[in-house]
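The next block holds one structure in the form of structure tokens; read it before the comments.
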Amino acid sequence: VEINNLFDKEYEVVNDTGIWSRYPLLTEDFKLWLPILTIAIAVSIVGNIILIISDKYYLRQIINFISNIFGIAAVATLLSLFPFDFSVIPNTELTKILIPIVTIALIFIILGLAVGTIVSLIKLIVYTAKKRA
């Protein structure tokens with residue numbers, strides 16, 4: 001079986017040269033999300049560097065709380081922009097399935113980060129209350 005027949009929509013031969021076609025899934029809105037992602041990653045990196053230098057329980061909970069807040073902001077912005085264009089995928093059934101799957105996955109990520117944020121905040125409050133008592 002020739003490779004042309006296997007990948008007739010992704011691969012073609014022009015003037016004896018094989019050309020692979022690309023299907024970009026990201027729209028221009030993706031560029032709007034990158035600064036938010038960059039800030040969230042930078043906050044996480046700085047927080048982890050601080051924890052490498054001084055790993056104290058109180059500081060760890062504060063850094064986890066702040067990192068989770070920035071993570072929630074990044075994922076929520078990605079969800080609101082939804083810079084994915086699955087219509088370029090040749091399989092229309094897959095396109096219909098991918099949109100809700102990606103949306104649900106992003107919502108679960110936000111929920112997981114929110115639970116982590118609440119847990120960090122509760123641990124911080126309990127630790128502070130015990131320390132004062």
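How things are named: the first chain in the structure tokens is A, the next is B, and so on; residues count from 1 in each chain; ligands count from 1 in the order shown.
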
Within 8 Å of Pro24 in chain A using only C-alpha atoms, minus same-chain residues under 3 positions, as a ChimeraX atom specification
/A:27,85,88

Just the alpha helix (DSSP H) stuff from range 14-124 of chain A, please, per backbone DSSP, written as JSON, numbers by chain.
{"A": [30, 31, 32, 33, 34, 35, 36, 37, 38, 39, 40, 41, 42, 43, 44, 45, 46, 47, 48, 49, 50, 51, 52, 53, 57, 58, 59, 60, 61, 62, 63, 64, 65, 66, 67, 68, 69, 70, 71, 72, 73, 74, 75, 76, 77, 78, 79, 80, 81, 92, 93, 94, 95, 96, 97, 98, 99, 100, 101, 102, 103, 104, 105, 106, 107, 108, 109, 110, 111, 112, 113, 114, 115, 116, 117, 118, 119, 120, 121, 122, 123, 124]}

Residue selection dump (C-alpha atoms) as a short mmCIF file (atom, residue, chain, number, x, y, z; two decimals), in the first residue's frame:
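Saved the output as result11.cif:
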```
data_model
loop_
_atom_site.label_atom_id
_atom_site.label_comp_id
_atom_site.auth_asym_id
_atom_site.auth_seq_id
_atom_site.Cartn_x
_atom_site.Cartn_y
_atom_site.Cartn_z
CA PHE A 30 -4.21 31.61 21.46
CA LYS A 31 -1.85 34.62 21.45
CA LEU A 32 -4.16 36.34 23.94
CA TRP A 33 -3.71 33.46 26.38
CA LEU A 34 0.08 33.22 26.22
CA PRO A 35 0.85 36.21 28.51
CA ILE A 36 -1.46 34.82 31.17
CA LEU A 37 0.16 31.39 30.89
CA THR A 38 3.61 32.97 31.06
CA ILE A 39 2.75 34.87 34.23
CA ALA A 40 1.28 31.74 35.85
CA ILE A 41 4.40 29.72 35.01
CA ALA A 42 6.70 32.51 36.21
CA VAL A 43 4.84 32.75 39.53
CA SER A 44 5.11 28.99 39.96
CA ILE A 45 8.83 28.98 39.15
CA VAL A 46 9.58 31.85 41.53
CA GLY A 47 7.50 30.20 44.25
CA ASN A 48 9.33 26.90 43.86
CA ILE A 49 12.71 28.65 43.94
CA ILE A 50 11.66 30.33 47.19
CA LEU A 51 10.63 26.94 48.57
CA ILE A 52 14.00 25.43 47.59
CA ILE A 53 15.74 28.18 49.53
CA TYR A 57 5.18 25.11 56.17
CA TYR A 58 3.55 28.55 56.36
CA LEU A 59 5.43 29.76 53.29
CA ARG A 60 4.63 26.56 51.37
CA GLN A 61 0.88 26.97 51.93
CA ILE A 62 0.97 30.62 50.85
CA ILE A 63 2.93 29.79 47.70
CA ASN A 64 0.60 26.87 46.88
CA PHE A 65 -2.39 29.16 47.35
CA ILE A 66 -0.95 31.88 45.08
CA SER A 67 0.22 29.38 42.43
CA ASN A 68 -3.22 27.73 42.37
CA ILE A 69 -4.94 31.11 41.95
CA PHE A 70 -2.75 31.93 38.96
CA GLY A 71 -3.31 28.41 37.58
CA ILE A 72 -7.07 28.84 37.86
CA ALA A 73 -6.82 32.20 36.08
CA ALA A 74 -4.77 30.66 33.27
CA VAL A 75 -7.06 27.68 32.71
CA ALA A 76 -10.24 29.77 33.07
CA THR A 77 -8.92 32.22 30.48
CA LEU A 78 -8.09 29.33 28.16
CA LEU A 79 -11.61 28.01 28.62
CA SER A 80 -13.20 31.40 27.96
CA LEU A 81 -11.09 32.08 24.86
CA THR A 92 -16.36 15.35 11.50
CA GLU A 93 -17.48 12.88 14.17
CA LEU A 94 -14.21 13.40 16.01
CA THR A 95 -14.63 17.16 15.73
CA LYS A 96 -18.04 16.99 17.38
CA ILE A 97 -16.67 14.87 20.21
CA LEU A 98 -13.49 16.87 20.88
CA ILE A 99 -15.14 20.19 21.74
CA PRO A 100 -17.12 18.89 24.75
CA ILE A 101 -14.24 16.62 25.85
CA VAL A 102 -11.74 19.50 25.93
CA THR A 103 -14.27 21.78 27.64
CA ILE A 104 -15.04 19.18 30.32
CA ALA A 105 -11.32 18.47 30.82
CA LEU A 106 -10.60 22.18 31.34
CA ILE A 107 -13.50 22.48 33.80
CA PHE A 108 -12.17 19.48 35.78
CA ILE A 109 -8.72 21.08 35.86
CA ILE A 110 -10.25 24.29 37.23
CA LEU A 111 -12.20 22.31 39.84
CA GLY A 112 -9.07 20.42 40.89
CA LEU A 113 -7.10 23.65 41.25
CA ALA A 114 -9.99 25.22 43.18
CA VAL A 115 -10.05 22.30 45.61
CA GLY A 116 -6.28 22.59 46.03
CA THR A 117 -6.64 26.32 46.67
CA ILE A 118 -9.31 25.79 49.30
CA VAL A 119 -7.25 23.06 50.98
CA SER A 120 -4.18 25.32 51.09
CA LEU A 121 -6.24 28.15 52.54
CA ILE A 122 -7.80 25.91 55.21
CA LYS A 123 -4.38 24.48 56.14
CA LEU A 124 -3.04 28.01 56.41
#
```

Quick one: pull the distance between CA of Thr128 in chain A and CA of Asp55 in chain A, Å, one decimal.
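Between these atoms lies a distance of 16.7 Å.
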
Run DSSP on the backbone of this structure and report the residues of chain A it assigns to strand (DSSP E), as a list in words.
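Strand (DSSP E) members of chain A, listed: Tyr11, Glu12, Val13, Val14, Thr17, Gly18, Ile19 and Trp20 of chain A.
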
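The coordinates place CA of Pro90 in chain A at 19.1 Å from CA of Val13 in chain A.
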